[in-house]
Every structure is written in C-alpha cells, then in structure tokens.
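What follows is the content of work.txt (compact mmCIF, C-alpha atoms).
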```txt
# COMPACT_ATOMS: atom_id res chain seq x y z
CA MET A 1449 6.81 21.63 6.40
CA ILE A 1450 4.44 18.71 5.89
CA THR A 1451 0.79 19.74 6.00
CA THR A 1452 -2.24 17.53 5.65
CA GLY A 1453 -4.26 18.62 2.73
CA VAL A 1454 -7.84 17.49 2.64
CA SER A 1455 -10.69 16.29 4.83
CA THR A 1456 -10.85 12.77 6.17
CA ASP A 1457 -14.00 12.09 4.15
CA LEU A 1458 -12.42 13.16 0.89
CA TYR A 1459 -9.23 11.22 1.56
CA ALA A 1460 -11.14 8.00 2.26
CA GLU A 1461 -13.40 8.59 -0.75
CA VAL A 1462 -10.41 8.90 -3.06
CA LEU A 1463 -8.79 5.76 -1.62
CA GLN A 1464 -12.01 3.86 -2.25
CA PHE A 1465 -12.31 5.36 -5.74
CA TYR A 1466 -8.79 4.18 -6.62
CA ALA A 1467 -9.37 0.73 -5.13
CA ARG A 1468 -12.47 0.14 -7.24
CA GLN A 1469 -11.00 1.73 -10.33
CA MET A 1470 -7.82 -0.34 -10.32
CA GLN A 1471 -9.62 -3.58 -9.49
CA ALA A 1472 -11.84 -2.86 -12.52
CA LEU A 1473 -8.80 -2.20 -14.73
CA ASP A 1474 -6.93 -5.31 -13.59
CA GLY A 1475 -10.13 -7.32 -13.96
CA GLY A 1476 -10.24 -6.35 -17.64
CA ASP A 1477 -13.32 -4.15 -17.29
CA PHE A 1478 -11.96 -1.36 -19.47
CA GLN A 1479 -15.38 0.25 -19.85
CA ALA A 1480 -15.72 0.68 -16.06
CA TYR A 1481 -12.21 2.14 -15.97
CA ALA A 1482 -13.06 4.55 -18.81
CA ASP A 1483 -16.32 5.48 -17.07
CA SER A 1484 -14.32 6.71 -14.08
CA PHE A 1485 -13.20 9.62 -16.30
CA THR A 1486 -15.24 12.70 -17.25
CA ASP A 1487 -16.83 12.72 -20.69
CA ASP A 1488 -13.87 14.66 -22.07
CA GLY A 1489 -11.26 13.05 -19.78
CA GLU A 1490 -7.62 12.65 -20.82
CA PHE A 1491 -5.48 9.60 -20.05
CA THR A 1492 -1.75 9.75 -20.73
CA HIS A 1493 -0.61 6.25 -19.84
CA SER A 1494 2.64 5.95 -21.77
CA PRO A 1495 5.37 8.58 -21.90
CA GLY A 1496 5.83 10.07 -25.36
CA LEU A 1497 2.45 9.01 -26.68
CA PRO A 1498 -0.49 11.41 -27.08
CA PRO A 1499 -3.24 11.02 -24.46
CA ALA A 1500 -6.36 8.97 -25.04
CA ARG A 1501 -9.39 11.30 -24.95
CA THR A 1502 -13.07 10.79 -24.04
CA ARG A 1503 -14.49 7.69 -22.38
CA ALA A 1504 -14.95 5.90 -25.67
CA GLY A 1505 -11.40 6.76 -26.70
CA ILE A 1506 -9.94 5.58 -23.39
CA ALA A 1507 -11.81 2.27 -23.49
CA ALA A 1508 -10.73 1.69 -27.10
CA GLU A 1509 -7.09 2.53 -26.33
CA LEU A 1510 -6.98 0.14 -23.38
CA THR A 1511 -8.56 -2.67 -25.38
CA GLU A 1512 -6.05 -2.16 -28.18
CA PHE A 1513 -3.08 -1.84 -25.75
CA HIS A 1514 -3.94 -5.12 -24.04
CA ARG A 1515 -4.55 -6.92 -27.34
CA ARG A 1516 -1.14 -5.79 -28.64
CA ARG A 1517 0.81 -6.44 -25.45
CA PHE A 1518 -0.84 -9.46 -23.89
CA SER A 1519 -2.74 -11.40 -26.56
CA GLY A 1520 -1.69 -15.02 -26.32
CA THR A 1521 -0.12 -14.45 -22.89
CA PRO A 1522 -2.84 -14.66 -20.25
CA VAL A 1523 -1.09 -12.60 -17.59
CA GLN A 1524 -2.78 -11.09 -14.55
CA ARG A 1525 -1.65 -7.53 -13.99
CA ARG A 1526 -2.01 -5.72 -10.66
CA HIS A 1527 -1.56 -1.98 -10.33
CA TRP A 1528 -0.61 -1.13 -6.74
CA PHE A 1529 -0.88 2.42 -5.37
CA ASN A 1530 0.82 4.05 -2.39
CA HIS A 1531 1.23 7.42 -0.68
CA VAL A 1532 -1.74 9.27 -2.18
CA VAL A 1533 -1.24 13.06 -1.77
CA LEU A 1534 -4.28 15.29 -2.35
CA ASP A 1535 -4.50 19.07 -2.71
CA HIS A 1536 -7.41 21.35 -3.52
CA ARG A 1537 -7.04 23.32 -6.74
CA LEU A 1538 -8.21 26.88 -7.21
CA ASP A 1539 -10.61 25.74 -9.95
CA GLY A 1540 -12.43 23.43 -7.52
CA GLY A 1541 -10.77 20.22 -8.67
CA ILE A 1542 -8.35 18.08 -6.70
CA ASP A 1543 -4.71 17.39 -7.55
CA SER A 1544 -3.67 13.85 -6.68
CA THR A 1545 -0.13 12.48 -6.82
CA SER A 1546 0.48 8.80 -6.03
CA TYR A 1547 3.08 6.09 -6.38
CA ALA A 1548 2.13 3.15 -8.57
CA LEU A 1549 3.83 -0.18 -9.14
CA VAL A 1550 2.80 -2.65 -11.82
CA LEU A 1551 2.96 -6.38 -11.06
CA THR A 1552 2.56 -8.86 -13.91
CA VAL A 1553 1.80 -12.44 -12.90
CA HIS A 1554 2.38 -15.26 -15.39
CA PRO A 1555 0.42 -18.51 -15.05
CA GLY A 1556 2.23 -21.02 -12.87
CA GLN A 1557 4.90 -18.53 -11.76
CA LYS A 1558 4.75 -17.58 -8.11
CA GLN A 1559 7.07 -14.60 -8.52
CA PRO A 1560 5.50 -11.72 -10.46
CA GLU A 1561 7.38 -9.44 -12.82
CA ILE A 1562 7.87 -6.19 -10.92
CA GLY A 1563 7.78 -2.80 -12.61
CA PRO A 1564 7.56 -0.26 -13.89
CA SER A 1565 7.50 2.01 -10.85
CA CYS A 1566 5.45 5.08 -11.73
CA VAL A 1567 4.06 8.35 -10.46
CA VAL A 1568 0.37 8.92 -11.23
CA ARG A 1569 -0.80 12.53 -11.48
CA ASP A 1570 -4.58 12.94 -11.51
CA VAL A 1571 -6.98 15.83 -11.59
CA LEU A 1572 -10.21 14.76 -9.89
CA VAL A 1573 -13.53 16.58 -10.21
CA ARG A 1574 -17.10 16.00 -9.06
CA VAL A 1575 -19.80 15.12 -11.57
CA ASP A 1576 -23.29 14.75 -10.14
CA GLY A 1577 -21.75 14.19 -6.73
CA ASP A 1578 -19.34 11.45 -7.78
CA LEU A 1579 -15.59 11.66 -8.27
CA ARG A 1580 -14.31 11.48 -11.85
CA LEU A 1581 -10.88 11.84 -13.41
CA ALA A 1582 -10.58 14.94 -15.60
CA SER A 1583 -7.07 13.80 -16.44
CA ARG A 1584 -4.46 11.18 -15.53
CA ARG A 1585 -0.81 11.25 -16.45
CA VAL A 1586 1.50 8.34 -15.67
CA ASP A 1587 5.26 8.93 -15.56
CA HIS A 1588 7.71 6.04 -15.38
CA ASP A 1589 10.57 6.35 -12.90
CA GLN A 1590 13.10 4.70 -15.22
CA ASP A 1591 12.54 7.41 -17.85
CA ARG A 1592 13.39 10.39 -15.69
CA MET M 1176 -7.90 -9.84 19.84
CA ILE M 1177 -7.58 -7.21 17.13
CA THR M 1178 -8.80 -3.80 18.24
CA THR M 1179 -8.87 -0.62 16.24
CA GLY M 1180 -6.82 1.98 17.94
CA VAL M 1181 -7.49 5.54 16.96
CA SER M 1182 -10.12 7.82 15.48
CA THR M 1183 -10.84 7.91 11.77
CA ASP M 1184 -9.64 11.51 11.57
CA LEU M 1185 -6.29 10.72 13.18
CA TYR M 1186 -5.78 7.63 11.04
CA ALA M 1187 -6.39 9.55 7.82
CA GLU M 1188 -4.24 12.43 9.02
CA VAL M 1189 -1.30 10.10 9.64
CA LEU M 1190 -1.72 8.42 6.24
CA GLN M 1191 -1.65 11.85 4.60
CA PHE M 1192 1.34 12.89 6.71
CA TYR M 1193 3.30 9.81 5.61
CA ALA M 1194 2.30 10.26 1.96
CA ARG M 1195 3.60 13.82 1.87
CA GLN M 1196 6.66 13.06 3.95
CA MET M 1197 7.83 10.15 1.81
CA GLN M 1198 7.11 11.95 -1.48
CA ALA M 1199 9.29 14.79 -0.14
CA LEU M 1200 12.07 12.35 0.82
CA ASP M 1201 12.01 10.51 -2.51
CA GLY M 1202 11.87 13.86 -4.32
CA GLY M 1203 15.17 14.80 -2.69
CA ASP M 1204 13.66 17.52 -0.48
CA PHE M 1205 15.62 16.53 2.61
CA GLN M 1206 14.80 19.80 4.37
CA ALA M 1207 11.06 19.15 4.11
CA TYR M 1208 11.64 15.63 5.42
CA ALA M 1209 13.70 16.95 8.34
CA ASP M 1210 11.04 19.59 9.03
CA SER M 1211 8.52 16.81 9.63
CA PHE M 1212 10.44 16.07 12.87
CA THR M 1213 10.28 18.03 16.11
CA ASP M 1214 13.14 20.44 16.81
CA ASP M 1215 14.90 17.78 18.87
CA GLY M 1216 13.67 14.81 16.80
CA GLU M 1217 15.68 11.60 16.48
CA PHE M 1218 16.03 9.56 13.28
CA THR M 1219 17.62 6.11 13.43
CA HIS M 1220 17.67 5.09 9.79
CA SER M 1221 20.39 2.47 9.74
CA PRO M 1222 20.80 -0.37 12.24
CA GLY M 1223 23.94 -0.05 14.35
CA LEU M 1224 24.48 3.63 13.65
CA PRO M 1225 23.69 6.37 16.17
CA PRO M 1226 20.55 8.40 15.40
CA ALA M 1227 20.66 11.73 13.61
CA ARG M 1228 19.38 14.44 15.97
CA THR M 1229 17.63 17.79 15.41
CA ARG M 1230 16.20 18.99 12.11
CA ALA M 1231 19.51 20.40 10.97
CA GLY M 1232 21.27 17.17 11.90
CA ILE M 1233 18.71 15.01 10.09
CA ALA M 1234 18.87 17.12 6.91
CA ALA M 1235 22.68 17.03 6.96
CA GLU M 1236 22.76 13.26 7.53
CA LEU M 1237 20.38 12.60 4.63
CA THR M 1238 22.34 14.85 2.29
CA GLU M 1239 25.57 13.08 3.20
CA PHE M 1240 23.99 9.59 2.99
CA HIS M 1241 22.69 10.26 -0.53
CA ARG M 1242 25.98 11.83 -1.68
CA ARG M 1243 27.91 8.78 -0.46
CA ARG M 1244 25.50 6.14 -1.74
CA PHE M 1245 24.09 7.56 -4.93
CA SER M 1246 26.46 10.23 -6.28
CA GLY M 1247 27.10 9.47 -9.94
CA THR M 1248 24.16 7.03 -10.04
CA PRO M 1249 20.97 8.99 -10.64
CA VAL M 1250 18.57 6.47 -9.15
CA GLN M 1251 14.97 7.21 -8.15
CA ARG M 1252 14.14 5.69 -4.79
CA ARG M 1253 10.57 5.06 -3.62
CA HIS M 1254 9.75 4.25 0.00
CA TRP M 1255 6.45 2.36 0.14
CA PHE M 1256 4.47 2.00 3.39
CA ASN M 1257 1.81 -0.52 4.40
CA HIS M 1258 -0.29 -1.61 7.37
CA VAL M 1259 0.07 1.49 9.57
CA VAL M 1260 -0.82 0.61 13.20
CA LEU M 1261 -1.45 3.52 15.60
CA ASP M 1262 -1.81 3.51 19.39
CA HIS M 1263 -2.16 6.34 21.87
CA ARG M 1264 0.67 6.65 24.39
CA LEU M 1265 0.18 7.61 28.01
CA ASP M 1266 2.37 10.70 27.44
CA GLY M 1267 -0.04 12.04 24.79
CA GLY M 1268 2.04 10.96 21.81
CA ILE M 1269 1.15 8.30 19.25
CA ASP M 1270 3.02 5.07 18.62
CA SER M 1271 3.07 4.12 14.95
CA THR M 1272 4.36 0.84 13.52
CA SER M 1273 4.38 0.35 9.75
CA TYR M 1274 5.85 -1.86 7.08
CA ALA M 1275 8.18 -0.16 4.60
CA LEU M 1276 9.73 -1.39 1.37
CA VAL M 1277 12.42 0.47 -0.53
CA LEU M 1278 12.36 0.42 -4.34
CA THR M 1279 15.37 1.71 -6.26
CA VAL M 1280 14.83 2.48 -9.93
CA HIS M 1281 17.82 2.77 -12.27
CA PRO M 1282 17.51 4.83 -15.46
CA GLY M 1283 16.34 2.73 -18.38
CA GLN M 1284 15.58 -0.33 -16.21
CA LYS M 1285 11.91 -1.17 -15.95
CA GLN M 1286 12.41 -3.54 -13.02
CA PRO M 1287 13.36 -1.77 -9.79
CA GLU M 1288 15.71 -3.17 -7.18
CA ILE M 1289 13.49 -4.36 -4.32
CA GLY M 1290 14.51 -4.12 -0.70
CA PRO M 1291 15.24 -3.79 2.06
CA SER M 1292 11.95 -4.68 3.71
CA CYS M 1293 11.73 -2.71 6.96
CA VAL M 1294 9.61 -1.95 9.99
CA VAL M 1295 9.28 1.76 10.79
CA ARG M 1296 8.60 2.65 14.43
CA ASP M 1297 7.58 6.28 14.97
CA VAL M 1298 6.53 8.39 17.90
CA LEU M 1299 4.26 11.17 16.63
CA VAL M 1300 3.38 14.30 18.59
CA ARG M 1301 1.46 17.50 17.93
CA VAL M 1302 3.29 20.80 17.61
CA ASP M 1303 1.05 23.84 17.11
CA GLY M 1304 -1.69 21.54 15.89
CA ASP M 1305 0.42 19.69 13.30
CA LEU M 1306 1.83 16.19 13.48
CA ARG M 1307 5.59 15.87 13.91
CA LEU M 1308 7.92 12.92 14.44
CA ALA M 1309 9.56 12.95 17.86
CA SER M 1310 11.46 9.86 16.79
CA ARG M 1311 11.71 7.32 13.97
CA ARG M 1312 13.54 4.02 14.08
CA VAL M 1313 13.90 1.83 11.00
CA ASP M 1314 14.67 -1.88 11.45
CA HIS M 1315 15.63 -4.07 8.49
CA ASP M 1316 13.96 -7.46 8.26
CA GLN M 1317 17.09 -9.20 6.98
CA ASP M 1318 19.00 -8.21 10.14
CA ARG M 1319 16.67 -9.83 12.62
CA MET R 1073 -19.30 3.39 -13.05
CA ILE R 1074 -17.07 3.57 -9.99
CA THR R 1075 -19.01 4.22 -6.80
CA THR R 1076 -17.65 4.56 -3.31
CA GLY R 1077 -19.16 1.95 -1.12
CA VAL R 1078 -19.00 2.54 2.59
CA SER R 1079 -18.67 5.27 5.19
CA THR R 1080 -15.35 6.88 5.99
CA ASP R 1081 -15.46 5.48 9.51
CA LEU R 1082 -15.97 1.93 8.34
CA TYR R 1083 -13.29 2.21 5.67
CA ALA R 1084 -10.71 3.46 8.16
CA GLU R 1085 -11.77 0.84 10.72
CA VAL R 1086 -11.20 -1.96 8.21
CA LEU R 1087 -7.80 -0.57 7.20
CA GLN R 1088 -6.79 -0.50 10.88
CA PHE R 1089 -8.20 -3.99 11.40
CA TYR R 1090 -6.10 -5.37 8.52
CA ALA R 1091 -2.98 -3.53 9.66
CA ARG R 1092 -3.15 -5.04 13.15
CA GLN R 1093 -4.21 -8.44 11.90
CA MET R 1094 -1.39 -8.81 9.40
CA GLN R 1095 1.26 -7.43 11.79
CA ALA R 1096 0.07 -10.09 14.26
CA LEU R 1097 0.29 -12.83 11.61
CA ASP R 1098 3.74 -11.79 10.41
CA GLY R 1099 4.87 -11.46 14.02
CA GLY R 1100 4.02 -15.12 14.56
CA ASP R 1101 1.08 -14.43 16.86
CA PHE R 1102 -1.19 -17.02 15.25
CA GLN R 1103 -3.63 -16.94 18.17
CA ALA R 1104 -4.24 -13.21 17.71
CA TYR R 1105 -4.74 -13.82 14.00
CA ALA R 1106 -7.20 -16.64 14.70
CA ASP R 1107 -9.00 -14.45 17.25
CA SER R 1108 -9.75 -11.96 14.50
CA PHE R 1109 -12.19 -14.56 13.10
CA THR R 1110 -15.65 -15.38 14.44
CA ASP R 1111 -16.00 -18.50 16.58
CA ASP R 1112 -17.04 -20.50 13.53
CA GLY R 1113 -14.88 -18.56 11.04
CA GLU R 1114 -13.52 -20.18 7.88
CA PHE R 1115 -10.05 -19.53 6.46
CA THR R 1116 -9.19 -20.85 2.98
CA HIS R 1117 -5.55 -19.88 2.64
CA SER R 1118 -4.34 -22.28 -0.03
CA PRO R 1119 -6.14 -23.09 -3.25
CA GLY R 1120 -7.36 -26.68 -3.44
CA LEU R 1121 -7.17 -27.33 0.28
CA PRO R 1122 -10.22 -27.41 2.54
CA PRO R 1123 -10.68 -24.35 4.77
CA ALA R 1124 -9.51 -24.25 8.38
CA ARG R 1125 -12.54 -23.84 10.65
CA THR R 1126 -13.05 -22.28 14.10
CA ARG R 1127 -10.49 -20.16 15.92
CA ALA R 1128 -8.76 -23.19 17.41
CA GLY R 1129 -8.65 -24.86 14.01
CA ILE R 1130 -7.24 -21.76 12.31
CA ALA R 1131 -4.53 -21.28 14.94
CA ALA R 1132 -3.55 -24.98 14.72
CA GLU R 1133 -3.44 -24.89 10.91
CA LEU R 1134 -1.21 -21.81 10.88
CA THR R 1135 1.15 -23.29 13.45
CA GLU R 1136 1.42 -26.51 11.43
CA PHE R 1137 1.81 -24.64 8.10
CA HIS R 1138 4.69 -22.55 9.43
CA ARG R 1139 6.37 -25.56 11.06
CA ARG R 1140 6.22 -27.50 7.79
CA ARG R 1141 7.25 -24.63 5.51
CA PHE R 1142 9.68 -22.59 7.55
CA SER R 1143 11.15 -24.75 10.34
CA GLY R 1144 14.92 -24.41 10.20
CA THR R 1145 14.65 -21.34 7.94
CA PRO R 1146 14.06 -18.27 10.08
CA VAL R 1147 12.44 -16.13 7.42
CA GLN R 1148 10.44 -12.97 8.09
CA ARG R 1149 7.29 -12.88 6.01
CA ARG R 1150 5.34 -9.68 5.28
CA HIS R 1151 1.83 -9.73 3.86
CA TRP R 1152 1.14 -6.44 2.10
CA PHE R 1153 -2.41 -5.31 1.20
CA ASN R 1154 -3.62 -2.81 -1.36
CA HIS R 1155 -6.82 -1.45 -2.92
CA VAL R 1156 -9.34 -2.57 -0.29
CA VAL R 1157 -12.87 -2.56 -1.78
CA LEU R 1158 -15.79 -2.80 0.65
CA ASP R 1159 -19.48 -3.40 -0.02
CA HIS R 1160 -22.41 -3.89 2.32
CA ARG R 1161 -24.14 -7.28 2.07
CA LEU R 1162 -27.86 -7.80 2.37
CA ASP R 1163 -27.27 -10.01 5.44
CA GLY R 1164 -25.59 -7.12 7.30
CA GLY R 1165 -22.02 -8.30 6.73
CA ILE R 1166 -19.40 -6.60 4.61
CA ASP R 1167 -17.75 -7.99 1.48
CA SER R 1168 -14.10 -7.04 1.23
CA THR R 1169 -11.85 -7.66 -1.78
CA SER R 1170 -8.17 -6.70 -1.57
CA TYR R 1171 -4.89 -7.28 -3.31
CA ALA R 1172 -2.21 -9.03 -1.26
CA LEU R 1173 1.46 -9.61 -1.93
CA VAL R 1174 3.66 -11.88 0.16
CA LEU R 1175 7.28 -10.87 0.79
CA THR R 1176 9.67 -13.40 2.33
CA VAL R 1177 12.89 -12.01 3.77
CA HIS R 1178 15.83 -14.32 4.38
CA PRO R 1179 18.45 -13.41 7.00
CA GLY R 1180 21.27 -11.37 5.50
CA GLN R 1181 19.53 -10.93 2.13
CA LYS R 1182 18.46 -7.39 1.37
CA GLN R 1183 16.20 -8.43 -1.51
CA PRO R 1184 13.09 -10.29 -0.38
CA GLU R 1185 11.46 -13.11 -2.30
CA ILE R 1186 8.37 -11.58 -3.93
CA GLY R 1187 5.14 -13.50 -4.38
CA PRO R 1188 2.66 -14.91 -4.58
CA SER R 1189 0.37 -12.09 -5.65
CA CYS R 1190 -3.10 -12.83 -4.31
CA VAL R 1191 -6.66 -11.61 -4.05
CA VAL R 1192 -8.14 -11.79 -0.54
CA ARG R 1193 -11.93 -12.12 -0.30
CA ASP R 1194 -13.31 -11.56 3.20
CA VAL R 1195 -16.72 -11.45 4.77
CA LEU R 1196 -16.58 -9.16 7.80
CA VAL R 1197 -19.20 -9.06 10.55
CA ARG R 1198 -19.61 -7.28 13.88
CA VAL R 1199 -19.38 -9.23 17.12
CA ASP R 1200 -20.00 -7.19 20.27
CA GLY R 1201 -19.15 -4.05 18.32
CA ASP R 1202 -15.84 -5.29 16.91
CA LEU R 1203 -15.06 -6.42 13.39
CA ARG R 1204 -14.43 -10.14 12.88
CA LEU R 1205 -13.84 -12.28 9.81
CA ALA R 1206 -16.67 -14.72 9.16
CA SER R 1207 -14.62 -16.05 6.26
CA ARG R 1208 -11.45 -15.39 4.27
CA ARG R 1209 -10.53 -16.92 0.96
CA VAL R 1210 -7.15 -16.30 -0.66
CA ASP R 1211 -6.73 -16.87 -4.40
CA HIS R 1212 -3.31 -16.88 -6.05
CA ASP R 1213 -2.95 -14.94 -9.30
CA GLN R 1214 -0.64 -17.52 -10.87
CA ASP R 1215 -3.31 -20.21 -10.54
CA ARG R 1216 -6.02 -18.45 -12.51
```

Final structure tokens representation of the file:
Amino acid sequence: MITTGVSTDLYAEVLQFYARQMQALDGGDFQAYADSFTDDGEFTHSPGLPPARTRAGIAAELTEFHRRRFSGTPVQRRHWFNHVVLDHRLDGGIDSTSYALVLTVHPGQKQPEIGPSCVVRDVLVRVDGDLRLASRRVDHDQDR
Amino acid sequence: MITTGVSTDLYAEVLQFYARQMQALDGGDFQAYADSFTDDGEFTHSPGLPPARTRAGIAAELTEFHRRRFSGTPVQRRHWFNHVVLDHRLDGGIDSTSYALVLTVHPGQKQPEIGPSCVVRDVLVRVDGDLRLASRRVDHDQDR
Amino acid sequence: MITTGVSTDLYAEVLQFYARQMQALDGGDFQAYADSFTDDGEFTHSPGLPPARTRAGIAAELTEFHRRRFSGTPVQRRHWFNHVVLDHRLDGGIDSTSYALVLTVHPGQKQPEIGPSCVVRDVLVRVDGDLRLASRRVDHDQDR
C-alpha cells in the first residue's frame, strides 16, 4: 500500500531546501552546504569512510575532497535528485530517502560523465524554524 | 497557452505517490507496486504486449519479468520521473503524463546503463481517499 | 544558510508550468512553447547567439533550429529539469534557476544521447493571472 506521508507545505519546503542546497554544493559554496546541517550534523558521503562531523568538519572535508579529486580538472558537477520520500519520525525529525545521480561535465564535452547512481538518506530537523540536516548518508548503487 | 492544471495539494500528493511507488518497484517490492493499482487496474509496461490486469496479475507479471530479464545479474534499476502533467478528467479521474528514464546499475560499475527514455501515461483515481492507478501505459521513445 | 524562498502554491505552480511547457516543446508544439513567454519575451537558447524576441520570433527560431538540426533525423528530444530555485524580485517578477539535461533518442536505440547539461535562468511574471516567461537564458556547463 502506497501512502502519502507528509503535508504539501513540508513536501514543497524540502524540495526547495534540496534545490538550494545542491545548487550551492555544485556551485562550490561548501560553506553554504555545510551550513545546511545542524551544528553537530553528520555527513557520510563515501561508503566505507567515517562521516564528516560538525559544520566546520563538513566544509573542510568537502574542500579537501574536491582538491584531491578535481584539482587541475575544472569539471562542473551536478547532483540530480528524484523521488523524494518523506516520513515523520517519532522523535520529531523527518526521514527522507531520495535517488541521486551525479553528472560530471568536462570543458568542451557535450556529453557528461554519468554516475554514480546513489540513494541519499537524510534526517531533517527544524532549528529556529528552518530545516537542517541532522545527518546524511549516501549509498552507491554499484556497491550493493 | 500553458495553464496549470490541478491544485497544489493534488500535485504534491501525486509526486509523493510516484516517489513511494517507484522506490517500492526498484526495491523489488512488486506487491507494494501492484497494490498501488485499483483491484482491476491495467499495466501496459512493454509496447506490443497485452496489459497485465488486476493486482495479482500485475505482481505476477513483474516477478516473472524480473526473473527472465535479471536472474543471475543482480542489477539495481532506478526509474526516474520528470515533468509530471496532471489534468482532471470528466469522469472524476486524473490524467497524468510524465517522462521516465530507466537507469540500470551493474555491481562495481560506476556508470549506469541509461535508457530507455519513456512516456508514462496514467489514469489516477481515488479509492477510500487514497490515490490508485486505474491504468498505466508506458511508451518507449525509441519505438515512435 | 539555505532558506526556502517562495510559497508552496507558487512552487507547485512553477513546477506544473515547466512540466507543461517542456512537454509542449518536446512534442514539437513550438507555438505553445512561444506562447508561454510574454509578448516581448526573450529566449537565449544557445550561448553566443543573440536572443530570439517576441512570441512570433521565438516560434520562428525554434522551427528553424529544429529544421536545421534534425530534418531527416526523426529524433525525440526530452528536456529534463531538476532543482528549481525560486526567488522573488524587487520588481515583482520571480527569478528561477534550474538544472536542465537534454536527452536525444534515436529511433531503435534504447540508449539516448545525453547532454548538454545546462543551467536555465528564467524571469517569470504574471500576465492576467498566469505565469509567463519574460526571459530565459540557457547556459551550457561544458562552455564554462
């Protein structure tokens, strides 16, 4: 049985939150991305590695990840999302499960690299009225 | 002239319905997918083949389709949707036309197979307050 | 800091507007696409070329573009959108920034051509209660 989980307002708010958050990430604004987490937020972006913790830790990890992976190769990455499923948690937070697909565009190449295909599992909470990520875990479909 | 068709609440409800339905399908929960149809629902998933009918028939068809196509190859499929267009029907149902793209991820391969690109044409109805598919027809863009 | 920008109703209205608009475009209904602009709307669809102007001009440009690019090759194109970010402008319009990805399906080929990956920057306004594009500019990620 397929049931719809949350209010229209919350669903649209989360879609807008993700749109801004991922445009910030792909725009290289790692601080804005980190600021979308709670103070003690956890971000597990690569399977098998320990999570980055706290806003400062998440921003530092992203900066280092991009330096290591993409320095010297000025790619434009785009993180697409699809099929966002939201459910209220007993502790007041919100469970969110979404599809994600990473596109990597190289200068002068019309066809982007496609992949990995991922599932993003978030716990969202409210802080002073705004949505924040308490945690995000990204699983890669090819590693299942 | 582009007009917006349905209420905000209905639009968000359908997006949530699709998100849950397709996560169930891609998670291999064929019964949950079949249960998103009406008792006498019709599912035409492959051009040129007769539709699967009734929940039991749809669940059986999906199980058989996946056994035939993917047995021995533990792929993860992901059905992405985009640009959902909804219109009220005179009979009280809802016409829905959406883009769909199938991704197939093979273990250890970062880049998914992409395709087919499809158009999904649904008729949605309410049963005891919940949305259900009275029918779904999937057309493949490469067969036009 | 990630903030959510606009009301639920407006967000859903814009998603529906884009869904209908892009299904019209990909269906070859260039007049309907042009009619989604204001009378004096501007459409900059290719980097380095001057924008098409006015509804008649936009419809003519699209017709000519498709004749030049796709005559003799009956492809089906699909313009996917993702991560729509909306912000109110001081002049009463709405800034919209979205990801777009073009798929081109060739007859008999299950795997579509993928790309270019783009960013679509729109200014939306209301005309007689309906949304219209005052301007659209499309930037290609591989040209950055």

**Item:** Residue contacts of Tyr1186 in chain M (10 Å, all atoms listed in the file) excluding same-chain residues fewer than 6 positions away, as number ranges by chain
**Value:** A: 1456; M: 1180, 1192, 1259-1261; R: 1084-1085, 1087-1088

**Request:** Have a look at M:Glu1236, M:Asp1214, M:Glu1288, M:Asp1270 and name the one nearest to chain A; count only C-alpha atoms.
**Result:**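 Ranked by minimum distance to chain A, first place goes to M:Glu1288.
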
**Request:** Go through R:Arg1150, R:Arg1092, R:His1212, R:Arg1198 one by one, measure the shortest atom-to-atom distance of each to His1554 in chain A using all atoms listed in the file, and give the residue with the smallest value.
**Result:**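 Checking each of R:Arg1150, R:Arg1092, R:His1212, R:Arg1198 against His1554 in chain A, counting all atoms listed in the file, the winner is R:His1212.
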
**Request:** Give me, as an MDAnalysis selection string, the contact residues of chain A against chain R at a cut-off of 8 Å, counting all atoms listed in the file.
**Result:** chainID A and resid 1456:1457 1460:1461 1463:1471 1480:1481 1483:1484 1524 1528:1529 1553:1560 1578

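Taking CA of Arg1525 in chain A as the reference point, CA of Leu1551 in chain A is found at 5.6 Å.
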
**Item:** CA of Leu1200 in chain M to CA of Val1250 in chain M, straight-line distance in Å
**Value:**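 Interatomic distance, CA of Val1250 in chain M to CA of Leu1200 in chain M: 13.3 Å.
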
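Interatomic distance, CA of Pro1226 in chain M against CA of Arg1312 in chain M: 8.4 Å.
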
If the box runs along x, y and z of the file and leaves 3 Å on each side of range 1491-1499 of chain A, what are its centre and edge lengths in Å, one decimal, as AutoDock Vina command-line options?
```
--center_x 0.2 --center_y 8.7 --center_z -23.5 --size_x 17.3 --size_y 11.5 --size_z 13.2
```

**Request:** Fewer than 3 positions away in the same chain doesn't count, so skip those; otherwise give me all residues within 8 Å of Gln1103 in chain R, counting all atoms listed in the file, as JSON, numbers by chain.
**Result:** {"R": [1106, 1107, 1127, 1131]}

**Asked** Taking all atoms listed in the file into account, which of A:Asp1587, A:Asp1474, A:Asp1535, A:Glu1512 comes nearest Leu1572 in chain A?
**Response**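 Once distances to Leu1572 in chain A are computed over all atoms listed in the file, the minimum belongs to A:Asp1535.
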